[in-house]
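Enquirer: My structure file data_35.cif, mmCIF, C-alpha atoms, is below:
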```cif
data_structure
loop_
_atom_site.group_PDB
_atom_site.id
_atom_site.type_symbol
_atom_site.label_atom_id
_atom_site.label_comp_id
_atom_site.auth_asym_id
_atom_site.auth_seq_id
_atom_site.Cartn_x
_atom_site.Cartn_y
_atom_site.Cartn_z
ATOM 1 C CA MET A 1 83.122 109.663 115.355
ATOM 2 C CA LEU A 2 84.665 112.722 113.702
ATOM 3 C CA SER A 3 87.420 110.685 112.052
ATOM 4 C CA PHE A 4 84.660 108.529 110.588
ATOM 5 C CA CYS A 5 82.967 111.627 109.119
ATOM 6 C CA VAL A 6 86.291 112.534 107.525
ATOM 7 C CA VAL A 7 86.658 109.071 105.982
ATOM 8 C CA ASP A 8 83.070 109.009 104.738
ATOM 9 C CA MET A 9 83.437 112.429 103.079
ATOM 10 C CA GLN A 10 86.833 111.429 101.697
ATOM 11 C CA LEU A 11 85.287 108.483 99.851
ATOM 12 C CA TYR A 12 82.451 110.651 98.548
ATOM 13 C CA LEU A 13 84.858 113.312 97.285
ATOM 14 C CA ASP A 14 86.944 110.601 95.570
ATOM 15 C CA THR A 15 84.036 110.098 93.152
ATOM 16 C CA HIS A 16 82.583 113.627 93.324
ATOM 17 C CA PRO A 17 85.696 115.826 93.245
ATOM 18 C CA ASP A 18 83.782 118.871 91.977
ATOM 19 C CA ASP A 19 81.088 118.898 94.665
ATOM 20 C CA GLU A 20 81.818 122.216 96.363
ATOM 21 C CA GLU A 21 79.241 121.828 99.109
ATOM 22 C CA ALA A 22 80.659 118.450 100.026
ATOM 23 C CA PHE A 23 84.191 119.820 100.069
ATOM 24 C CA CYS A 24 83.058 122.681 102.292
ATOM 25 C CA TYR A 25 81.530 120.211 104.739
ATOM 26 C CA PHE A 26 84.691 118.102 104.530
ATOM 27 C CA LYS A 27 86.794 121.093 105.581
ATOM 28 C CA GLU A 28 84.484 121.744 108.543
ATOM 29 C CA VAL A 29 84.642 118.156 109.720
ATOM 30 C CA VAL A 30 88.423 117.961 109.302
ATOM 31 C CA ASP A 31 88.791 121.087 111.411
ATOM 32 C CA MET A 32 86.546 119.652 114.157
ATOM 33 C CA TYR A 33 88.402 116.354 114.005
ATOM 34 C CA GLU A 34 91.843 117.931 114.293
ATOM 35 C CA LYS A 35 90.800 120.058 117.253
ATOM 36 C CA ALA A 36 89.168 117.097 119.002
ATOM 37 C CA LYS A 37 92.191 114.879 118.346
ATOM 38 C CA GLN A 38 94.537 117.513 119.743
ATOM 39 C CA LYS A 39 92.417 117.917 122.879
ATOM 40 C CA PHE A 40 92.080 114.170 123.394
ATOM 41 C CA GLU A 41 95.804 113.635 122.957
ATOM 42 C CA GLU A 42 96.751 116.397 125.389
ATOM 43 C CA ASN A 43 94.550 114.825 128.058
ATOM 44 C CA PHE A 44 94.723 111.085 127.407
ATOM 45 C CA GLY A 45 97.763 110.350 125.274
ATOM 46 C CA PRO A 46 98.714 109.954 121.613
ATOM 47 C CA LEU A 47 96.371 108.471 119.013
ATOM 48 C CA THR A 48 99.140 108.419 116.404
ATOM 49 C CA ALA A 49 102.744 107.691 117.340
ATOM 50 C CA ALA A 50 104.040 111.052 116.154
ATOM 51 C CA SER A 51 101.764 112.781 118.665
ATOM 52 C CA ALA A 52 103.795 111.287 121.468
ATOM 53 C CA ALA A 53 106.178 114.173 120.788
ATOM 54 C CA MET A 54 103.763 116.559 122.560
ATOM 55 C CA HIS A 55 104.336 114.882 125.905
ATOM 56 C CA GLY A 56 107.319 114.935 128.232
ATOM 57 C CA GLN A 57 108.076 111.253 127.707
ATOM 58 C CA TRP A 58 107.332 108.361 125.361
ATOM 59 C CA THR A 59 103.636 107.671 125.993
ATOM 60 C CA TRP A 60 102.781 105.638 122.891
ATOM 61 C CA SER A 61 103.447 102.186 124.371
ATOM 62 C CA ASP A 62 101.156 102.787 127.343
ATOM 63 C CA MET A 63 98.086 103.695 125.316
ATOM 64 C CA PRO A 64 95.486 100.937 125.365
ATOM 65 C CA LEU A 65 95.133 98.855 122.231
ATOM 66 C CA PRO A 66 91.787 99.541 120.595
ATOM 67 C CA TRP A 67 90.493 95.958 120.916
ATOM 68 C CA GLU A 68 90.919 95.755 124.702
ATOM 69 C CA GLY A 69 87.288 96.573 125.463
ATOM 70 C CA VAL A 70 85.838 96.813 128.943
ATOM 71 C CA ARG A 71 86.480 93.357 130.397
ATOM 72 C CA MET B 1 102.199 104.377 103.159
ATOM 73 C CA TRP B 2 100.112 103.939 106.255
ATOM 74 C CA VAL B 3 99.739 105.834 109.492
ATOM 75 C CA TYR B 4 98.030 103.980 112.312
ATOM 76 C CA GLU B 5 95.500 105.587 114.586
ATOM 77 C CA ARG B 6 95.131 103.704 117.848
ATOM 78 C CA LYS B 7 91.364 103.533 118.007
ATOM 79 C CA LEU B 8 88.494 101.575 116.466
ATOM 80 C CA GLN B 9 86.473 103.205 113.696
ATOM 81 C CA TYR B 10 83.360 102.374 115.756
ATOM 82 C CA PRO B 11 83.288 101.433 119.459
ATOM 83 C CA ILE B 12 83.141 97.807 120.544
ATOM 84 C CA ASN B 13 82.588 96.991 124.222
ATOM 85 C CA ILE B 14 81.330 93.455 124.702
ATOM 86 C CA THR B 15 80.658 92.593 128.333
ATOM 87 C CA ARG B 16 79.751 88.902 127.978
ATOM 88 C CA PRO B 17 81.839 86.231 126.229
ATOM 89 C CA ASN B 18 80.095 84.121 123.583
ATOM 90 C CA PRO B 19 82.475 81.933 121.593
ATOM 91 C CA ALA B 20 79.673 80.404 119.512
ATOM 92 C CA MET B 21 78.939 83.877 118.127
ATOM 93 C CA ALA B 22 82.662 84.425 117.529
ATOM 94 C CA LYS B 23 82.733 81.337 115.335
ATOM 95 C CA PHE B 24 80.045 82.788 113.037
ATOM 96 C CA ILE B 25 81.593 86.237 112.886
ATOM 97 C CA MET B 26 85.014 84.781 112.035
ATOM 98 C CA SER B 27 84.071 84.596 108.363
ATOM 99 C CA GLN B 28 84.146 88.366 108.178
ATOM 100 C CA TYR B 29 87.765 88.272 109.301
ATOM 101 C CA GLY B 30 89.341 85.578 107.094
ATOM 102 C CA GLY B 31 86.430 84.186 105.124
ATOM 103 C CA PRO B 32 85.714 84.391 101.375
ATOM 104 C CA ASP B 33 83.832 87.696 101.614
ATOM 105 C CA GLY B 34 85.559 89.065 104.681
ATOM 106 C CA GLU B 35 87.377 92.303 105.419
ATOM 107 C CA ILE B 36 90.926 91.003 104.897
ATOM 108 C CA GLY B 37 90.005 89.803 101.409
ATOM 109 C CA ALA B 38 88.280 93.093 100.664
ATOM 110 C CA SER B 39 91.293 95.104 101.747
ATOM 111 C CA MET B 40 93.817 92.990 99.848
ATOM 112 C CA ARG B 41 91.621 93.021 96.739
ATOM 113 C CA TYR B 42 91.360 96.813 96.554
ATOM 114 C CA LEU B 43 94.939 97.488 97.636
ATOM 115 C CA SER B 44 96.174 95.024 94.998
ATOM 116 C CA GLN B 45 93.971 96.288 92.153
ATOM 117 C CA ARG B 46 95.007 99.909 92.588
ATOM 118 C CA TYR B 47 98.511 99.490 91.138
ATOM 119 C CA SER B 48 97.317 98.749 87.619
ATOM 120 C CA MET B 49 94.419 101.212 87.781
ATOM 121 C CA GLU B 50 95.565 103.969 85.449
ATOM 122 C CA ASP B 51 92.780 106.382 86.377
ATOM 123 C CA ARG B 52 94.069 108.313 89.371
ATOM 124 C CA LYS B 53 90.648 108.978 90.860
ATOM 125 C CA VAL B 54 89.778 105.291 90.846
ATOM 126 C CA ALA B 55 93.214 104.260 92.127
ATOM 127 C CA GLY B 56 92.728 106.779 94.906
ATOM 128 C CA LEU B 57 89.312 105.364 95.742
ATOM 129 C CA LEU B 58 90.714 101.819 95.838
ATOM 130 C CA THR B 59 93.453 103.014 98.181
ATOM 131 C CA ASP B 60 90.994 104.800 100.467
ATOM 132 C CA ILE B 61 88.438 101.999 100.628
ATOM 133 C CA GLY B 62 91.201 99.374 100.957
ATOM 134 C CA THR B 63 92.513 101.327 103.933
ATOM 135 C CA GLU B 64 89.073 101.564 105.537
ATOM 136 C CA GLU B 65 88.732 97.798 105.179
ATOM 137 C CA LEU B 66 91.865 97.372 107.310
ATOM 138 C CA ALA B 67 90.039 99.329 110.018
ATOM 139 C CA HIS B 68 87.077 96.975 109.592
ATOM 140 C CA MET B 69 89.344 93.928 109.767
ATOM 141 C CA GLU B 70 90.501 95.302 113.108
ATOM 142 C CA MET B 71 86.919 95.730 114.314
ATOM 143 C CA VAL B 72 85.961 92.164 113.416
ATOM 144 C CA ALA B 73 89.079 90.862 115.174
ATOM 145 C CA ALA B 74 88.204 92.947 118.238
ATOM 146 C CA ILE B 75 84.699 91.421 118.284
ATOM 147 C CA ILE B 76 86.114 87.889 117.986
ATOM 148 C CA ARG B 77 88.686 88.502 120.726
ATOM 149 C CA GLN B 78 86.189 90.094 123.105
ATOM 150 C CA LEU B 79 83.766 87.204 122.587
ATOM 151 C CA THR B 80 86.381 84.533 123.332
ATOM 152 C CA LYS B 81 88.664 86.197 125.868
ATOM 153 C CA GLY B 82 88.678 84.422 129.211
ATOM 154 C CA CYS B 83 86.903 81.282 127.968
ATOM 155 C CA SER B 84 88.159 77.924 129.158
ATOM 156 C CA ALA B 85 89.116 75.112 126.795
ATOM 157 C CA GLU B 86 85.850 73.362 127.735
ATOM 158 C CA GLU B 87 83.763 76.423 126.910
ATOM 159 C CA LEU B 88 85.511 76.822 123.552
ATOM 160 C CA LYS B 89 84.945 73.146 122.767
ATOM 161 C CA GLU B 90 81.245 73.346 123.656
ATOM 162 C CA SER B 91 80.784 76.392 121.453
ATOM 163 C CA GLY B 92 82.111 74.587 118.379
ATOM 164 C CA LEU B 93 85.572 76.163 118.480
ATOM 165 C CA GLY B 94 87.303 73.012 119.795
ATOM 166 C CA GLU B 95 89.374 72.329 116.683
ATOM 167 C CA TYR B 96 90.234 76.013 116.293
ATOM 168 C CA TYR B 97 91.361 76.171 119.932
ATOM 169 C CA ILE B 98 93.735 73.238 119.404
ATOM 170 C CA ASP B 99 95.635 75.099 116.706
ATOM 171 C CA HIS B 100 95.170 78.694 117.861
ATOM 172 C CA THR B 101 94.301 78.671 121.577
ATOM 173 C CA GLY B 102 92.652 82.059 122.223
ATOM 174 C CA ALA B 103 94.249 83.765 119.260
ATOM 175 C CA VAL B 104 92.676 85.381 116.223
ATOM 176 C CA TRP B 105 93.610 83.728 112.909
ATOM 177 C CA PRO B 106 92.182 84.398 109.467
ATOM 178 C CA GLN B 107 89.831 81.625 108.419
ATOM 179 C CA SER B 108 86.184 81.262 107.485
ATOM 180 C CA SER B 109 83.562 80.093 110.007
ATOM 181 C CA GLY B 110 83.888 76.684 108.385
ATOM 182 C CA GLY B 111 87.644 76.527 108.928
ATOM 183 C CA ILE B 112 88.934 77.341 105.430
ATOM 184 C CA PRO B 113 92.076 79.472 105.786
ATOM 185 C CA PHE B 114 92.290 82.896 104.198
ATOM 186 C CA THR B 115 93.835 82.711 100.751
ATOM 187 C CA ALA B 116 94.481 85.061 97.839
ATOM 188 C CA ASN B 117 92.150 82.764 95.873
ATOM 189 C CA GLN B 118 89.307 84.631 97.579
ATOM 190 C CA PHE B 119 89.913 87.695 95.453
ATOM 191 C CA GLN B 120 91.025 88.785 92.012
ATOM 192 C CA SER B 121 93.182 91.613 90.803
ATOM 193 C CA LYS B 122 92.528 91.267 87.099
ATOM 194 C CA GLY B 123 94.213 94.316 85.623
ATOM 195 C CA ASP B 124 91.197 95.514 83.667
ATOM 196 C CA PRO B 125 89.340 98.441 85.226
ATOM 197 C CA ILE B 126 85.833 97.364 84.232
ATOM 198 C CA THR B 127 86.426 93.811 85.404
ATOM 199 C CA ASP B 128 88.031 94.918 88.656
ATOM 200 C CA LEU B 129 85.268 97.397 89.483
ATOM 201 C CA PHE B 130 82.537 94.803 88.867
ATOM 202 C CA GLU B 131 84.480 92.418 91.115
ATOM 203 C CA ASP B 132 84.561 95.132 93.772
ATOM 204 C CA MET B 133 80.838 95.837 93.555
ATOM 205 C CA ALA B 134 80.115 92.112 93.853
ATOM 206 C CA ALA B 135 82.504 91.878 96.810
ATOM 207 C CA GLU B 136 80.626 94.585 98.706
ATOM 208 C CA GLN B 137 77.293 92.853 98.110
ATOM 209 C CA LYS B 138 78.732 89.511 99.233
ATOM 210 C CA ALA B 139 80.007 91.142 102.394
ATOM 211 C CA ARG B 140 76.630 92.788 102.999
ATOM 212 C CA THR B 141 74.858 89.436 102.618
ATOM 213 C CA THR B 142 77.304 87.832 105.040
ATOM 214 C CA TYR B 143 76.513 90.522 107.599
ATOM 215 C CA ASP B 144 72.790 89.944 106.976
ATOM 216 C CA ASN B 145 73.365 86.243 107.691
ATOM 217 C CA ILE B 146 75.263 87.068 110.872
ATOM 218 C CA LEU B 147 72.515 89.421 112.069
ATOM 219 C CA ARG B 148 69.914 86.643 111.817
ATOM 220 C CA LEU B 149 71.888 84.705 114.428
ATOM 221 C CA VAL B 150 73.334 87.483 116.546
ATOM 222 C CA LYS B 151 70.747 89.317 118.630
ATOM 223 C CA ASP B 152 72.944 90.622 121.430
ATOM 224 C CA TYR B 153 72.966 94.423 121.054
ATOM 225 C CA GLU B 154 76.626 94.804 122.040
ATOM 226 C CA VAL B 155 77.621 92.642 119.088
ATOM 227 C CA ALA B 156 74.839 93.481 116.630
ATOM 228 C CA ASP B 157 75.456 97.228 116.867
ATOM 229 C CA PRO B 158 79.011 97.304 115.439
ATOM 230 C CA ILE B 159 77.991 94.593 112.943
ATOM 231 C CA LYS B 160 75.184 96.833 111.647
ATOM 232 C CA PHE B 161 77.689 99.680 111.267
ATOM 233 C CA LEU B 162 79.995 97.437 109.223
ATOM 234 C CA ARG B 163 77.075 96.271 107.093
ATOM 235 C CA GLN B 164 76.074 99.842 106.312
ATOM 236 C CA ARG B 165 79.630 100.640 105.222
ATOM 237 C CA GLU B 166 79.495 97.811 102.670
ATOM 238 C CA ILE B 167 76.437 99.409 101.068
ATOM 239 C CA ASN B 168 78.203 102.756 101.033
ATOM 240 C CA HIS B 169 81.312 101.259 99.384
ATOM 241 C CA PHE B 170 79.129 99.569 96.778
ATOM 242 C CA GLN B 171 77.720 102.978 95.905
ATOM 243 C CA ARG B 172 81.217 104.465 95.531
ATOM 244 C CA PHE B 173 82.438 101.638 93.288
ATOM 245 C CA GLY B 174 79.359 102.068 91.109
ATOM 246 C CA GLU B 175 80.240 105.727 90.687
ATOM 247 C CA ALA B 176 83.845 104.807 89.863
ATOM 248 C CA LEU B 177 82.614 102.394 87.199
ATOM 249 C CA ARG B 178 80.617 105.229 85.646
ATOM 250 C CA LEU B 179 83.719 107.480 85.729
ATOM 251 C CA MET B 180 85.634 104.754 83.870
ATOM 252 C CA THR B 181 83.023 104.032 81.223
ATOM 253 C CA ASP B 182 82.606 107.760 80.547
ATOM 254 C CA LYS B 183 86.234 107.782 79.427
ATOM 255 C CA LEU B 184 85.897 104.796 77.114
ATOM 256 C CA ASP B 185 84.398 104.345 73.654
ATOM 257 C CA SER B 186 80.658 104.438 74.283
ATOM 258 C CA LYS B 187 80.049 102.217 71.246
ATOM 259 C CA ASN B 188 82.223 99.494 72.738
ATOM 260 C CA TYR B 189 83.591 99.678 76.265
ATOM 261 C CA TYR B 190 85.525 96.493 75.653
ATOM 262 C CA MET B 191 87.435 97.784 72.655
ATOM 263 C CA CYS B 192 90.637 97.885 74.697
ATOM 264 C CA ASN B 193 91.956 97.665 78.232
ATOM 265 C CA PRO B 194 93.038 101.100 79.511
ATOM 266 C CA SER B 195 95.264 99.400 82.068
ATOM 267 C CA PHE B 196 97.210 97.483 79.457
ATOM 268 C CA ASP B 197 96.728 98.672 75.875
ATOM 269 C CA LYS B 198 98.429 101.846 74.707
ATOM 270 C CA HIS B 199 96.254 104.724 73.465
ATOM 271 C CA CYS B 200 93.140 103.356 75.126
ATOM 272 C CA GLY B 201 90.468 105.689 76.490
ATOM 273 C CA LYS B 202 90.276 109.481 76.257
#
```
Transcribe the structure of this file into structure tokens.
Expert:
Amino acid sequence: MLSFCVVDMQLYLDTHPDDEEAFCYFKEVVDMYEKAKQKFEENFGPLTAASAAMHGQWTWSDMPLPWEGVR
Amino acid sequence: MWVYERKLQYPINITRPNPAMAKFIMSQYGGPDGEIGASMRYLSQRYSMEDRKVAGLLTDIGTEELAHMEMVAAIIRQLTKGCSAEELKESGLGEYYIDHTGAVWPQSSGGIPFTANQFQSKGDPITDLFEDMAAEQKARTTYDNILRLVKDYEVADPIKFLRQREINHFQRFGEALRLMTDKLDSKNYYMCNPSFDKHCGK
């Protein structure tokens, strides 16, 4: 959800680079996203391969693929 | 370059298979107005786009379309996973199953394979941006068509998200077009091609 906010604001800022309010909001959302990502990765495993470095062993291959769903 | 994040941009958790629905949604994977075409179009156009802001936008939207391509593939896979050959045949995916079993392969609902002919990378910023705006509307209409036939909430929900993104992208490309035309001769935007002619544009 937060990474989507980042992407959405990123696209907006691409065409409105001088919008200070938007950039301010972007910074807030990026901060929330990075904190949430860190917390998720500590507890559940890496979301990007480089984050596997925070664990004691190579955890990237065991993470579910995003299309696996619930069945 | 690209970094991959191992998650979907929007959650997809389909509890009941429905290969007939998968057949309709397939066009948004490999069809003429689908996500793969959208991504390749924008990622191809960006190289000759001299305006950095617009090239950046093409890169960013082209990247988001890869995430959408992944979502559509996830929907297709979740709708067909576990189906028998008989079930696939009854749903209208018999011929597809023969060549692809339970795999995901880029083609339209009607069976036309994905091809670069589905998009242009014309090397003229005005032309390319109009192509991009049209592409987003075509994608939006395709999602509208899908939503008339797909009523299952689990499937319709991510589809509605994808549809909304198309409208959002259309808005961004419109703004990029304005950025471009502001830099050109207001008496004649077509005087020269800023991506090809020297000394073109401010």
Enquirer: Could you state the separation of atom CA of Lys39 of chain A and atom CA of Thr63 of chain B in Å, given to one decimal place?
Expert: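 Taking atom CA of Lys39 of chain A as the start and atom CA of Thr63 of chain B as the end point, the length is 25.2 Å.
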Enquirer: Find the residue from B:Lys160, B:Lys122, B:Arg172, B:Arg41 that sits nearest to chain A; use only C-alpha atoms when measuring.
Expert: B:Arg172
Enquirer: Can you give me, as a list in words, the residues this file yields under the PyMOL selection byres ((chain A) within 9 of (chain B))?
Expert: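 Checked against the file, the PyMOL selection byres ((chain A) within 9 of (chain B)) matches Met1, Ser3, Phe4, Val7, Asp8, Gln10, Leu11, Tyr12, Asp14, Thr15, His16, Pro17, Pro46, Leu47, Thr48, Ala49, Met63, Pro64, Leu65, Pro66, Trp67, Glu68, Gly69, Val70 and Arg71 of chain A.
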Enquirer: Just write the chosen residues, C-alpha atoms, as a JSON list (two decimals), keeping the file's coordinate frame.
Expert:
```
[["chain", "number", "residue", "atom", "x", "y", "z"],
["A", 1, "MET", "CA", 83.12, 109.66, 115.36],
["A", 3, "SER", "CA", 87.42, 110.68, 112.05],
["A", 4, "PHE", "CA", 84.66, 108.53, 110.59],
["A", 7, "VAL", "CA", 86.66, 109.07, 105.98],
["A", 8, "ASP", "CA", 83.07, 109.01, 104.74],
["A", 10, "GLN", "CA", 86.83, 111.43, 101.70],
["A", 11, "LEU", "CA", 85.29, 108.48, 99.85],
["A", 12, "TYR", "CA", 82.45, 110.65, 98.55],
["A", 14, "ASP", "CA", 86.94, 110.60, 95.57],
["A", 15, "THR", "CA", 84.04, 110.10, 93.15],
["A", 16, "HIS", "CA", 82.58, 113.63, 93.32],
["A", 17, "PRO", "CA", 85.70, 115.83, 93.24],
["A", 46, "PRO", "CA", 98.71, 109.95, 121.61],
["A", 47, "LEU", "CA", 96.37, 108.47, 119.01],
["A", 48, "THR", "CA", 99.14, 108.42, 116.40],
["A", 49, "ALA", "CA", 102.74, 107.69, 117.34],
["A", 63, "MET", "CA", 98.09, 103.70, 125.32],
["A", 64, "PRO", "CA", 95.49, 100.94, 125.36],
["A", 65, "LEU", "CA", 95.13, 98.86, 122.23],
["A", 66, "PRO", "CA", 91.79, 99.54, 120.60],
["A", 67, "TRP", "CA", 90.49, 95.96, 120.92],
["A", 68, "GLU", "CA", 90.92, 95.76, 124.70],
["A", 69, "GLY", "CA", 87.29, 96.57, 125.46],
["A", 70, "VAL", "CA", 85.84, 96.81, 128.94],
["A", 71, "ARG", "CA", 86.48, 93.36, 130.40]]
```
Enquirer: Have a look at atom CA of Ala36 of chain A and atom CA of Glu154 of chain B and let me know their distance in Å, one decimal.
Expert: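 So the two atoms, atom CA of Ala36 of chain A and atom CA of Glu154 of chain B, lie 25.8 Å apart.
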Enquirer: Identify all residues satisfying the PyMOL selection byres ((chain A and resi 22-35) around 7) in the given file; provide them as an mmCIF file with C-alpha atoms, in the frame of the given file.
Expert:
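Written out: selection31.cif:
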```cif
data_model
loop_
_atom_site.group_PDB
_atom_site.id
_atom_site.type_symbol
_atom_site.label_atom_id
_atom_site.label_comp_id
_atom_site.auth_asym_id
_atom_site.auth_seq_id
_atom_site.Cartn_x
_atom_site.Cartn_y
_atom_site.Cartn_z
ATOM 1 C CA LEU A 2 84.665 112.722 113.702
ATOM 2 C CA SER A 3 87.420 110.685 112.052
ATOM 3 C CA CYS A 5 82.967 111.627 109.119
ATOM 4 C CA VAL A 6 86.291 112.534 107.525
ATOM 5 C CA MET A 9 83.437 112.429 103.079
ATOM 6 C CA ASP A 19 81.088 118.898 94.665
ATOM 7 C CA GLU A 20 81.818 122.216 96.363
ATOM 8 C CA GLU A 21 79.241 121.828 99.109
ATOM 9 C CA ALA A 36 89.168 117.097 119.002
ATOM 10 C CA LYS A 37 92.191 114.879 118.346
ATOM 11 C CA GLN A 38 94.537 117.513 119.743
ATOM 12 C CA LYS A 39 92.417 117.917 122.879
#
```
Enquirer: Any idea what the distance is between atom CA of Asp128 of chain B and atom CA of Met49 of chain B?
Expert: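 Atom CA of Asp128 of chain B sits 9.0 Å away from atom CA of Met49 of chain B.
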Enquirer: Between B:His199, B:Tyr42, B:Pro19, B:His68, which residue has the minimum interatomic distance to Gly102 of chain B, considering all atoms listed in the file?
Expert: B:Pro19
Enquirer: Enumerate, as a PyMOL selection string, the protein, DNA and RNA residues whose atoms approach (90.4, 77.6, 124.5) to within 12 Å, taking into account all atoms listed in the file and the coordinate frame of the file.
Expert: chain B and resi 19+77+79-104
Enquirer: Under the rule that only C-alpha atoms are counted, which of B:Phe24, B:Tyr153, B:Phe170, B:Tyr29 is the nearest residue to Ser109 of chain B?
Expert: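 When distances to Ser109 of chain B are compared using only C-alpha atoms, the smallest one comes from B:Phe24.
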